[in-house]
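Peer 1: Sending over input.cif (mmCIF, C-alpha atoms).
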```cif
data_data
#
loop_
_atom_site.label_atom_id
_atom_site.label_comp_id
_atom_site.auth_asym_id
_atom_site.auth_seq_id
_atom_site.Cartn_x
_atom_site.Cartn_y
_atom_site.Cartn_z
CA MET A 23 113.17 149.77 43.87
CA GLU A 24 110.27 149.16 41.54
CA SER A 25 110.86 148.91 37.85
CA ALA A 26 108.96 151.28 35.60
CA THR A 27 107.10 148.73 33.51
CA TYR A 28 105.67 145.51 34.81
CA PRO A 29 106.53 142.62 32.53
CA SER A 30 103.43 140.56 31.83
CA CYS A 31 103.13 137.03 33.15
CA PHE A 32 102.02 136.05 29.65
CA SER A 33 105.52 136.59 28.33
CA CYS A 34 107.13 134.49 31.08
CA GLU A 35 108.70 131.35 29.61
CA LEU A 36 108.94 129.57 32.94
CA ARG A 37 105.27 129.82 33.73
CA PRO A 38 104.10 126.32 32.69
CA ASP A 39 106.52 124.68 35.15
CA ARG A 40 105.29 126.56 38.18
CA ILE A 41 102.39 125.42 40.31
CA PHE A 42 100.98 128.79 41.13
CA CYS A 43 101.79 130.65 37.93
CA ASP A 44 100.26 128.13 35.55
CA LEU A 45 96.81 129.72 35.57
CA PRO A 46 94.15 129.77 32.86
CA ALA A 47 94.22 132.81 30.55
CA ASP A 48 91.42 134.82 32.15
CA ALA A 49 92.77 134.33 35.67
CA LEU A 50 96.24 135.28 34.49
CA GLN A 51 94.88 138.43 32.93
CA ALA A 52 93.27 139.41 36.22
CA PHE A 53 96.47 138.55 38.06
CA ASP A 54 98.49 140.73 35.69
CA ALA A 55 96.22 143.63 36.57
CA ILE A 56 96.69 143.45 40.34
CA LYS A 57 100.36 142.52 40.60
CA SER A 58 103.35 144.77 40.90
CA VAL A 59 106.89 143.69 40.12
CA SER A 60 109.82 144.75 42.24
CA LEU A 61 113.51 144.03 42.25
CA PHE A 62 115.06 143.33 45.61
CA PRO A 63 118.81 143.47 46.20
CA ARG A 64 120.62 140.64 47.93
CA GLY A 65 119.93 140.68 51.67
CA ALA A 66 116.73 142.72 51.48
CA THR A 67 113.89 141.69 53.76
CA LEU A 68 110.67 140.90 51.90
CA PHE A 69 108.65 140.71 55.09
CA ALA A 70 109.39 140.31 58.77
CA GLU A 71 107.86 138.08 61.37
CA GLY A 72 105.23 139.74 63.54
CA ARG A 73 104.29 142.41 60.98
CA GLN A 74 100.74 142.79 59.76
CA PRO A 75 100.31 140.97 56.45
CA ARG A 76 100.44 143.34 53.48
CA GLY A 77 100.15 140.70 50.80
CA ILE A 78 101.87 137.83 49.05
CA PHE A 79 105.22 137.68 47.32
CA VAL A 80 105.80 135.43 44.33
CA LEU A 81 109.47 134.72 43.67
CA CYS A 82 110.05 135.01 39.92
CA ASP A 83 113.76 134.40 40.13
CA GLY A 84 116.29 134.28 42.90
CA ARG A 85 116.04 132.55 46.24
CA ALA A 86 114.81 133.67 49.66
CA LYS A 87 115.80 132.56 53.13
CA LEU A 88 112.91 131.75 55.46
CA SER A 89 113.58 131.93 59.17
CA ILE A 90 111.79 132.13 62.46
CA CYS A 91 112.82 134.09 65.52
CA SER A 92 112.32 133.77 69.26
CA ASP A 93 111.57 136.61 71.70
CA ASN A 94 115.16 136.79 72.81
CA GLY A 95 116.52 137.05 69.29
CA LYS A 96 117.54 133.49 68.56
CA ARG A 97 117.01 132.59 64.92
CA LEU A 98 116.08 129.28 63.35
CA MET A 99 116.49 128.74 59.60
CA LEU A 100 113.47 127.01 58.13
CA ARG A 101 114.39 126.54 54.51
CA ILE A 102 115.43 128.23 51.32
CA ALA A 103 112.58 129.09 48.99
CA GLY A 104 113.26 128.76 45.27
CA PRO A 105 111.88 130.49 42.17
CA GLY A 106 108.15 130.01 41.61
CA GLU A 107 107.28 129.85 45.28
CA VAL A 108 104.60 132.01 46.88
CA LEU A 109 105.60 133.53 50.21
CA GLY A 110 103.44 134.98 52.97
CA LEU A 111 100.36 133.15 51.72
CA SER A 112 99.01 131.72 54.96
CA SER A 113 99.32 134.95 56.93
CA THR A 114 97.77 136.96 54.14
CA LEU A 115 94.78 134.64 53.92
CA ALA A 116 94.30 134.35 57.66
CA GLY A 117 94.92 138.06 58.22
CA LYS A 118 97.34 137.27 61.03
CA PRO A 119 100.86 138.65 61.42
CA TYR A 120 103.56 137.06 59.27
CA GLU A 121 104.82 133.89 60.93
CA ILE A 122 108.24 133.91 59.36
CA THR A 123 110.85 136.30 58.03
CA ALA A 124 111.79 136.17 54.36
CA GLU A 125 115.08 137.61 53.20
CA ALA A 126 116.36 137.69 49.61
CA LEU A 127 119.47 135.56 49.12
CA ASP A 128 120.11 136.76 45.60
CA ALA A 129 119.09 139.84 43.72
CA SER A 130 115.52 138.77 43.09
CA GLN A 131 112.58 139.70 40.96
CA VAL A 132 109.44 139.50 43.04
CA VAL A 133 105.79 139.91 42.20
CA PHE A 134 103.78 141.51 44.97
CA VAL A 135 99.99 141.33 45.31
CA LYS A 136 98.13 143.33 47.94
CA ARG A 137 96.03 141.42 50.44
CA LYS A 138 92.74 143.04 49.44
CA ASP A 139 93.35 142.39 45.76
CA LEU A 140 94.40 138.81 46.38
CA LEU A 141 91.30 137.96 48.39
CA ARG A 142 89.06 139.37 45.66
CA PHE A 143 91.08 137.57 42.98
CA LEU A 144 90.72 134.23 44.79
CA ARG A 145 86.99 134.67 45.19
CA ASP A 146 86.57 135.42 41.49
CA HIS A 147 88.85 132.71 40.16
CA ARG A 148 88.13 129.21 41.32
CA GLU A 149 91.20 127.66 39.65
CA ALA A 150 93.51 130.07 41.42
CA CYS A 151 91.82 129.28 44.72
CA LEU A 152 92.34 125.55 44.17
CA GLN A 153 95.95 126.24 43.29
CA VAL A 154 96.35 128.11 46.56
CA VAL A 155 94.80 125.23 48.50
CA HIS A 156 97.35 122.89 46.91
CA LEU A 157 100.23 125.22 47.72
CA LEU A 158 99.15 125.55 51.34
CA SER A 159 98.85 121.78 51.68
CA GLY A 160 102.39 121.44 50.40
CA ASP A 161 103.64 124.11 52.81
CA LEU A 162 101.92 122.36 55.67
CA HIS A 163 103.58 119.08 54.75
CA THR A 164 107.04 120.63 54.87
CA ALA A 165 106.21 122.36 58.14
CA TYR A 166 105.16 119.06 59.74
CA GLU A 167 108.32 117.42 58.41
CA ARG A 168 110.26 120.15 60.13
CA VAL A 169 108.35 119.68 63.38
CA ARG A 170 109.16 116.00 63.20
CA SER A 171 112.85 116.56 62.60
CA ILE A 172 113.13 119.08 65.43
CA GLY A 173 110.84 117.49 67.93
CA LEU A 174 111.58 113.82 67.57
CA THR A 175 115.27 113.50 66.88
CA ARG A 176 117.56 112.99 69.76
CA THR A 177 120.06 115.77 70.11
CA ARG A 178 122.13 114.02 72.72
CA ARG A 179 124.42 111.25 71.65
CA PRO A 180 123.23 107.88 72.91
CA ARG A 181 125.10 106.75 75.97
CA ALA A 182 127.80 104.16 75.55
CA PRO A 183 126.51 100.72 76.49
CA ARG A 184 127.31 99.80 80.04
CA PRO A 185 129.99 97.11 80.24
CA ARG A 186 128.57 93.80 81.32
CA VAL A 187 130.00 92.42 84.49
CA MET B 11 66.32 108.28 70.66
CA LEU B 12 69.11 105.92 71.51
CA SER B 13 72.42 107.60 70.82
CA PRO B 14 75.85 105.99 70.82
CA TYR B 15 78.39 106.99 73.50
CA GLY B 16 75.95 109.48 75.03
CA LEU B 17 76.25 111.78 72.02
CA ASP B 18 73.46 113.69 70.36
CA ILE B 19 74.20 113.05 66.72
CA ILE B 20 73.41 116.00 64.50
CA GLU B 21 72.35 114.33 61.28
CA SER B 22 71.90 117.38 59.10
CA CYS B 23 74.21 120.39 58.89
CA PHE B 24 71.17 122.58 58.24
CA THR B 25 69.80 121.96 61.72
CA CYS B 26 73.18 122.39 63.43
CA LYS B 27 73.00 125.37 65.77
CA LEU B 28 76.75 125.70 66.05
CA ARG B 29 77.30 126.06 62.32
CA ALA B 30 77.37 129.86 62.22
CA ASP B 31 80.38 130.06 64.56
CA ARG B 32 82.59 127.67 62.64
CA ILE B 33 84.95 128.73 59.90
CA PHE B 34 84.49 125.77 57.64
CA CYS B 35 80.86 124.90 58.32
CA ASP B 36 79.37 128.33 57.70
CA LEU B 37 78.82 127.72 53.99
CA PRO B 38 76.23 129.26 51.68
CA ALA B 39 73.07 127.18 51.20
CA ALA B 40 73.99 125.74 47.79
CA ALA B 41 77.38 124.52 48.95
CA LEU B 42 75.92 123.17 52.17
CA GLN B 43 73.35 121.22 50.21
CA SER B 44 75.99 119.40 48.18
CA PHE B 45 78.09 118.90 51.32
CA GLU B 46 75.10 117.21 52.93
CA ALA B 47 74.95 114.80 50.02
CA ILE B 48 78.55 113.59 50.30
CA LYS B 49 79.14 113.51 54.05
CA TYR B 50 78.75 110.60 56.44
CA ALA B 51 77.87 111.46 60.04
CA THR B 52 79.63 109.00 62.35
CA ALA B 53 80.19 108.63 66.08
CA TYR B 54 83.40 107.43 67.68
CA PRO B 55 84.06 106.38 71.28
CA LYS B 56 86.88 107.83 73.33
CA GLY B 57 90.27 106.52 72.24
CA ALA B 58 89.33 105.71 68.64
CA VAL B 59 91.86 106.37 65.92
CA LEU B 60 90.49 108.36 62.98
CA PHE B 61 93.60 108.01 60.84
CA VAL B 62 97.22 107.07 61.28
CA GLU B 63 100.22 108.90 59.88
CA GLY B 64 101.64 107.25 56.80
CA GLN B 65 98.25 105.93 55.68
CA ALA B 66 97.06 106.85 52.19
CA PRO B 67 94.47 109.63 52.55
CA ARG B 68 90.87 108.39 52.48
CA GLY B 69 89.22 111.75 53.03
CA ILE B 70 88.56 114.54 55.49
CA PHE B 71 87.06 114.43 58.95
CA VAL B 72 85.05 117.41 60.17
CA LEU B 73 85.01 117.39 63.94
CA CYS B 74 81.49 118.26 65.13
CA LYS B 75 81.67 117.36 68.80
CA GLY B 76 84.39 116.25 71.16
CA ARG B 77 88.14 116.71 71.03
CA VAL B 78 90.84 114.93 69.05
CA LYS B 79 94.53 114.53 69.83
CA LEU B 80 96.85 115.13 66.88
CA SER B 81 100.31 113.63 67.15
CA ILE B 82 103.32 112.57 65.14
CA SER B 83 105.65 109.77 66.09
CA SER B 84 109.13 108.65 65.18
CA SER B 85 110.17 105.20 64.05
CA ASP B 86 111.56 104.42 67.50
CA GLY B 87 108.18 105.07 69.09
CA LYS B 88 108.59 108.59 70.50
CA THR B 89 105.38 110.61 70.28
CA LEU B 90 104.92 114.35 69.98
CA ILE B 91 101.46 115.83 70.44
CA LEU B 92 100.97 118.74 68.10
CA LYS B 93 97.64 119.97 69.34
CA ILE B 94 94.26 119.09 70.69
CA ALA B 95 91.74 119.79 67.96
CA GLU B 96 88.50 121.44 69.01
CA PRO B 97 85.04 121.10 67.43
CA GLY B 98 84.73 122.83 64.07
CA GLU B 99 88.15 121.81 62.84
CA VAL B 100 88.70 119.86 59.64
CA LEU B 101 91.22 117.04 60.03
CA GLY B 102 93.29 115.33 57.35
CA LEU B 103 92.81 118.27 55.04
CA SER B 104 96.26 118.79 53.56
CA ALA B 105 96.86 115.08 52.97
CA THR B 106 93.49 114.74 51.26
CA VAL B 107 94.11 117.73 49.02
CA SER B 108 97.67 116.83 48.06
CA GLY B 109 97.16 113.05 47.94
CA LYS B 110 100.20 112.45 50.13
CA PRO B 111 99.96 110.16 53.16
CA TYR B 112 98.42 111.58 56.34
CA GLU B 113 101.20 113.35 58.22
CA LEU B 114 99.57 113.09 61.64
CA THR B 115 97.75 110.57 63.76
CA ALA B 116 94.32 111.61 65.02
CA GLU B 117 92.91 109.94 68.10
CA THR B 118 89.70 110.92 69.92
CA ILE B 119 89.97 111.86 73.60
CA ASP B 120 86.22 112.29 74.11
CA PRO B 121 83.30 110.57 72.45
CA CYS B 122 83.17 112.42 69.14
CA GLN B 123 80.83 113.11 66.28
CA VAL B 124 82.74 113.30 63.04
CA ASN B 125 81.50 114.02 59.54
CA PHE B 126 83.56 112.06 57.05
CA VAL B 127 83.85 112.98 53.37
CA LYS B 128 85.57 110.72 50.85
CA ARG B 129 88.55 112.12 48.98
CA GLU B 130 87.11 112.03 45.42
CA ASP B 131 83.85 113.56 46.63
CA PHE B 132 85.67 116.27 48.54
CA LEU B 133 87.93 117.25 45.62
CA ARG B 134 84.93 117.45 43.31
CA PHE B 135 83.10 119.52 45.92
CA LEU B 136 86.03 121.94 46.12
CA ARG B 137 86.16 122.36 42.35
CA GLU B 138 82.45 123.14 42.20
CA HIS B 139 82.16 125.49 45.16
CA SER B 140 84.62 128.33 45.30
CA ASP B 141 83.33 129.52 48.69
CA ALA B 142 84.19 126.17 50.21
CA CYS B 143 87.56 126.29 48.51
CA PHE B 144 88.22 129.63 50.14
CA ARG B 145 87.24 128.26 53.55
CA VAL B 146 89.63 125.38 53.06
CA ALA B 147 92.42 127.82 52.22
CA GLU B 148 91.68 129.67 55.46
CA GLN B 149 91.73 126.46 57.50
CA LEU B 150 95.02 125.44 55.94
CA SER B 151 96.50 128.86 56.69
CA ASP B 152 95.52 128.50 60.33
CA LYS B 153 97.10 125.09 60.52
CA TYR B 154 100.26 126.36 58.87
CA ASN B 155 100.50 129.21 61.36
CA ALA B 156 100.05 126.75 64.20
CA ALA B 157 102.80 124.53 62.77
CA CYS B 158 105.17 127.52 62.60
CA HIS B 159 104.32 128.27 66.20
CA GLU B 160 105.17 124.70 67.13
CA ILE B 161 108.48 124.86 65.28
CA ARG B 162 109.32 128.06 67.12
CA SER B 163 108.56 126.64 70.53
CA LEU B 164 110.37 123.35 69.88
CA GLY B 165 113.35 124.71 68.05
CA LEU B 166 114.07 127.90 69.93
CA SER B 167 113.31 127.12 73.56
CA HIS B 168 116.14 126.38 75.92
CA SER B 169 114.66 124.19 78.56
CA ALA B 170 111.66 122.06 79.39
CA ALA B 171 110.75 124.55 82.15
CA GLU B 172 110.49 127.32 79.57
CA LYS B 173 108.30 125.21 77.30
CA LEU B 174 106.01 124.14 80.14
CA ALA B 175 105.61 127.74 81.29
CA LYS B 176 104.70 128.77 77.72
CA LEU B 177 102.17 125.96 77.45
CA LEU B 178 100.50 126.89 80.75
CA LEU B 179 100.33 130.55 79.75
CA GLU B 180 98.81 129.62 76.41
CA TRP B 181 96.17 127.45 78.04
CA SER B 182 95.38 130.07 80.64
CA SER B 183 94.72 132.67 77.93
CA LYS B 184 91.67 130.73 76.73
CA ASN B 185 88.08 130.94 77.97
CA GLY B 186 88.30 134.55 79.08
CA GLU B 187 90.68 133.77 81.92
CA ALA B 188 93.44 135.89 80.43
CA GLN B 189 92.37 139.14 82.09
CA LYS B 190 92.26 137.66 85.58
CA GLN B 191 95.02 138.19 88.07
CA GLU B 192 95.08 134.51 88.94
CA PRO B 193 93.84 132.57 85.92
CA ARG B 194 92.44 129.11 86.40
CA LEU B 195 92.77 126.27 83.91
CA LYS B 196 91.65 122.71 83.64
CA LEU B 197 94.36 120.18 82.95
CA ALA B 198 92.70 117.84 80.49
CA LEU B 199 95.90 115.93 79.80
CA THR B 200 98.04 113.59 81.83
CA HIS B 201 101.66 114.38 82.67
CA GLU B 202 102.65 111.84 80.05
CA GLU B 203 100.65 113.69 77.40
CA ILE B 204 101.96 117.08 78.48
CA ALA B 205 105.47 115.63 78.16
CA GLN B 206 104.62 114.59 74.63
CA MET B 207 103.37 118.07 73.85
CA ILE B 208 106.61 119.78 74.82
CA GLY B 209 108.98 117.03 73.78
CA THR B 210 110.32 115.87 77.12
CA SER B 211 109.86 112.96 79.51
CA ARG B 212 106.98 112.29 81.92
CA GLU B 213 109.40 112.41 84.87
CA THR B 214 110.57 115.90 83.90
CA VAL B 215 107.00 117.21 83.73
CA THR B 216 106.17 115.80 87.16
CA ARG B 217 109.36 117.29 88.58
CA LEU B 218 108.65 120.69 87.00
CA PHE B 219 105.11 120.74 88.37
CA ALA B 220 106.37 119.87 91.84
CA ASP B 221 108.89 122.69 91.55
CA LEU B 222 106.24 125.20 90.40
CA LYS B 223 104.03 124.23 93.32
CA LYS B 224 106.87 124.48 95.80
CA ARG B 225 107.69 127.98 94.58
CA GLN B 226 103.98 128.88 94.94
CA ILE B 227 103.72 129.78 91.28
CA VAL B 228 100.83 127.39 90.70
CA GLN B 229 98.38 125.62 92.95
CA ALA B 230 96.59 122.40 92.05
CA LYS B 231 93.10 121.38 93.13
CA GLY B 232 92.30 118.05 91.54
CA SER B 233 92.66 118.62 87.81
CA THR B 234 92.24 122.38 88.13
CA LEU B 235 95.34 124.49 88.15
CA LEU B 236 95.38 127.98 89.61
CA ILE B 237 98.17 130.25 88.46
CA ARG B 238 99.14 132.19 91.58
CA ASN B 239 102.06 134.10 90.21
CA LYS B 240 101.60 134.96 86.56
CA ALA B 241 104.62 137.28 86.49
CA ALA B 242 106.95 134.53 87.64
CA LEU B 243 105.54 132.17 85.02
CA LYS B 244 106.08 134.81 82.34
CA GLN B 245 109.64 135.25 83.59
CA LEU B 246 110.19 131.50 83.22
CA ALA B 247 108.69 131.50 79.74
CA SER B 248 111.02 134.20 78.46
CA SER B 249 114.21 133.08 80.14
#
```
If you convert what's in this file into structure tokens, what do you get?

Peer 2:
Amino acid sequence: MESATYPSCFSCELRPDRIFCDLPADALQAFDAIKSVSLFPRGATLFAEGRQPRGIFVLCDGRAKLSICSDNGKRLMLRIAGPGEVLGLSSTLAGKPYEITAEALDASQVVFVKRKDLLRFLRDHREACLQVVHLLSGDLHTAYERVRSIGLTRTRRPRAPRPRV
Amino acid sequence: MLSPYGLDIIESCFTCKLRADRIFCDLPAAALQSFEAIKYATAYPKGAVLFVEGQAPRGIFVLCKGRVKLSISSSDGKTLILKIAEPGEVLGLSATVSGKPYELTAETIDPCQVNFVKREDFLRFLREHSDACFRVAEQLSDKYNAACHEIRSLGLSHSAAEKLAKLLLEWSSKNGEAQKQEPRLKLALTHEEIAQMIGTSRETVTRLFADLKKRQIVQAKGSTLLIRNKAALKQLASS
């Protein structure tokens, strides 16, 4: 599934618009060295909930469906991730199993970085680490929004007002 | 020394004995030194509100002692308790980093010592100390995982009974009680608060507890709960 040559992030025209990718030159150089680029067909699973974290996935193009699953197989869609997003970040940093399942919705180009390499990269490059902190804060915000919408909205229709006698 | 609310205030992080065990606090000496310079050690009584959701972020709160209730509420006044934060946690982190309003409300449930750091100071501190930045990333990851967990339990559970059983099992797995045949746990929350944790009404929680007791699955002694039949509780949790 992997392409033979890894296109460099330096030649990517979309880079300046993306929170994570817009790194200073030296950090980008280091990132280029540890990344691998893969092409995933539509419907492929990038990572599955409950698996040990292998690393992070940066969506270069294409979209991915993020969902969460219960023990008895019920599935809840969380959201659709768009190009430029970093997936699997929190689990990779915490070293805990992936919390969600990510599945490619389109044929996607994805940059993969191994956990060990990522941790070293973040320690060496302060800007990248700050970027990651920002990304995680954003993720957390959307997660709390989701908790609010699930936990606090009434699912039942309000009862019809009782006729006054 | 006279201490407020019966708390022993730890003024300096260097003398804090608990520092080594805590993810965020265990910083290298240089970073700790600059953290010392920007933090304010404060004490709060029980029931104080540290920040309210929707407020513009003032800064972060490092919880040194005591516990804090984190909740979100809807515009019609319903409340959902997300978690009870334990000492060592950093509160208000994501809002402070991103500059968006606080997304939770934090209220103390014990007398607490809290170290407050102003937003500008904290952001500068993060830029200067990459170790601290890494710690923050770890804390945020933990919080994100917890939020996913919450989404799963709220969005994918069938009934209130299932959610209550899951909550009791989760609580009973703490403090080394997990291995025991009949784990014991201390109910620190009222029925009302438990209802707010699992998104149901106080009446339902009381009814469910009565039902669990009647079926001899749990036994209550004051605020201590003894789980008599763990298998049955697990069955309920996965139904």

Peer 1: Would you kindly identify which residues have an atom no farther than 9 Å from (104.1, 131.4, 88.8), using only C-alpha atoms and the file's own coordinates, and write them out as a PyMOL selection string?

Peer 2: chain B and resi 175+222-223+225-228+237-246

Peer 1: For A:Glu121, find every residue with an atom within 8 Å (counting all atoms listed in the file), except residues of its own chain fewer than 4 positions away, and show them as a ChimeraX atom specification.

Peer 2: /A:71-72,90,113 /B:155,158-159

Peer 1: I need the chosen residues saved as a CSV table (one decimal), keeping the file's coordinate frame, with C-alpha atoms.

Peer 2:
```
chain,number,residue,atom,x,y,z
A,71,GLU,CA,107.9,138.1,61.4
A,72,GLY,CA,105.2,139.7,63.5
A,90,ILE,CA,111.8,132.1,62.5
A,113,SER,CA,99.3,135.0,56.9
B,155,ASN,CA,100.5,129.2,61.4
B,158,CYS,CA,105.2,127.5,62.6
B,159,HIS,CA,104.3,128.3,66.2
```

Peer 1: To verify the selection step, state as number ranges by chain which residues the PyMOL selection byres ((chain A) within 6 of (chain B)) yields on this input.

Peer 2: A: 112, 116, 148, 155, 159, 162, 169

Peer 1: Take the PyMOL selection byres ((chain B and resi 17-25) around 8), run it mentally on this structure, and tell me the resulting residues as a VMD selection string.

Peer 2: chain B and resid 13 to 16 26 to 27 29 42 46 51 53 121 to 123

Peer 1: Mind telling me what the PyMOL selection byres ((chain A and resi 67) around 12) catches here, as a PyMOL selection string?

Peer 2: chain A and resi 61-66+68-71+79+86-89+122-130+132

Peer 1: Would you mind reading off the distance between atom CA of B:Asn125 and atom CA of B:Ile33, one decimal, in Å?

Peer 2: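 Distance reported for this atom pair: 15.1 Å.
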
Peer 1: Neighbouring residues of stretch 52-57 of chain A were defined as those with any atom within 12 Å, considering all atoms listed in the file; residues of the same chain fewer than 2 positions away were excluded. Please report them as a PyMOL selection string.

Peer 2: chain A and resi 24+27-34+42-50+59-60+77-80+132-147+150

Peer 1: Restricted to C-alpha atoms, what would the selected residues look like written as a compact mmCIF listing (two decimals), in the coordinates of the input?

Peer 2:
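Saved result, part.txt, follows:
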```txt
# COMPACT_ATOMS: atom_id res chain seq x y z
CA GLU A 24 110.27 149.16 41.54
CA THR A 27 107.10 148.73 33.51
CA TYR A 28 105.67 145.51 34.81
CA PRO A 29 106.53 142.62 32.53
CA SER A 30 103.43 140.56 31.83
CA CYS A 31 103.13 137.03 33.15
CA PHE A 32 102.02 136.05 29.65
CA SER A 33 105.52 136.59 28.33
CA CYS A 34 107.13 134.49 31.08
CA PHE A 42 100.98 128.79 41.13
CA CYS A 43 101.79 130.65 37.93
CA ASP A 44 100.26 128.13 35.55
CA LEU A 45 96.81 129.72 35.57
CA PRO A 46 94.15 129.77 32.86
CA ALA A 47 94.22 132.81 30.55
CA ASP A 48 91.42 134.82 32.15
CA ALA A 49 92.77 134.33 35.67
CA LEU A 50 96.24 135.28 34.49
CA VAL A 59 106.89 143.69 40.12
CA SER A 60 109.82 144.75 42.24
CA GLY A 77 100.15 140.70 50.80
CA ILE A 78 101.87 137.83 49.05
CA PHE A 79 105.22 137.68 47.32
CA VAL A 80 105.80 135.43 44.33
CA VAL A 132 109.44 139.50 43.04
CA VAL A 133 105.79 139.91 42.20
CA PHE A 134 103.78 141.51 44.97
CA VAL A 135 99.99 141.33 45.31
CA LYS A 136 98.13 143.33 47.94
CA ARG A 137 96.03 141.42 50.44
CA LYS A 138 92.74 143.04 49.44
CA ASP A 139 93.35 142.39 45.76
CA LEU A 140 94.40 138.81 46.38
CA LEU A 141 91.30 137.96 48.39
CA ARG A 142 89.06 139.37 45.66
CA PHE A 143 91.08 137.57 42.98
CA LEU A 144 90.72 134.23 44.79
CA ARG A 145 86.99 134.67 45.19
CA ASP A 146 86.57 135.42 41.49
CA HIS A 147 88.85 132.71 40.16
CA ALA A 150 93.51 130.07 41.42
```

Peer 1: Expressed in Å to a single decimal, how great is the separation between atom CA of B:Asp221 and atom CA of B:Pro193?

Peer 2: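 According to the coordinates, atom CA of B:Asp221 and atom CA of B:Pro193 are separated by 18.9 Å.
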
Peer 1: Mind giving me the straight-line distance from atom CA of B:Lys190 to atom CA of B:Ile119 in Å, one decimal?

Peer 2: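 Going from atom CA of B:Lys190 over to atom CA of B:Ile119 covers 28.5 Å.
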
Peer 1: Determine the nearest neighbour of A:Leu98 from the options A:Leu36, A:Ile172, A:Leu115, A:Ile41, counting only C-alpha atoms.

Peer 2: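 Of A:Leu36, A:Ile172, A:Leu115, A:Ile41, the one nearest A:Leu98 is A:Ile172, counting only C-alpha atoms.
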
Peer 1: Of the candidates A:Arg85, A:Lys118, A:His163, A:Arg170, which shows the shortest atom-to-atom distance to A:Gly104, using all atoms listed in the file?

Peer 2: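 The answer is A:Arg85, which sits nearest to A:Gly104.
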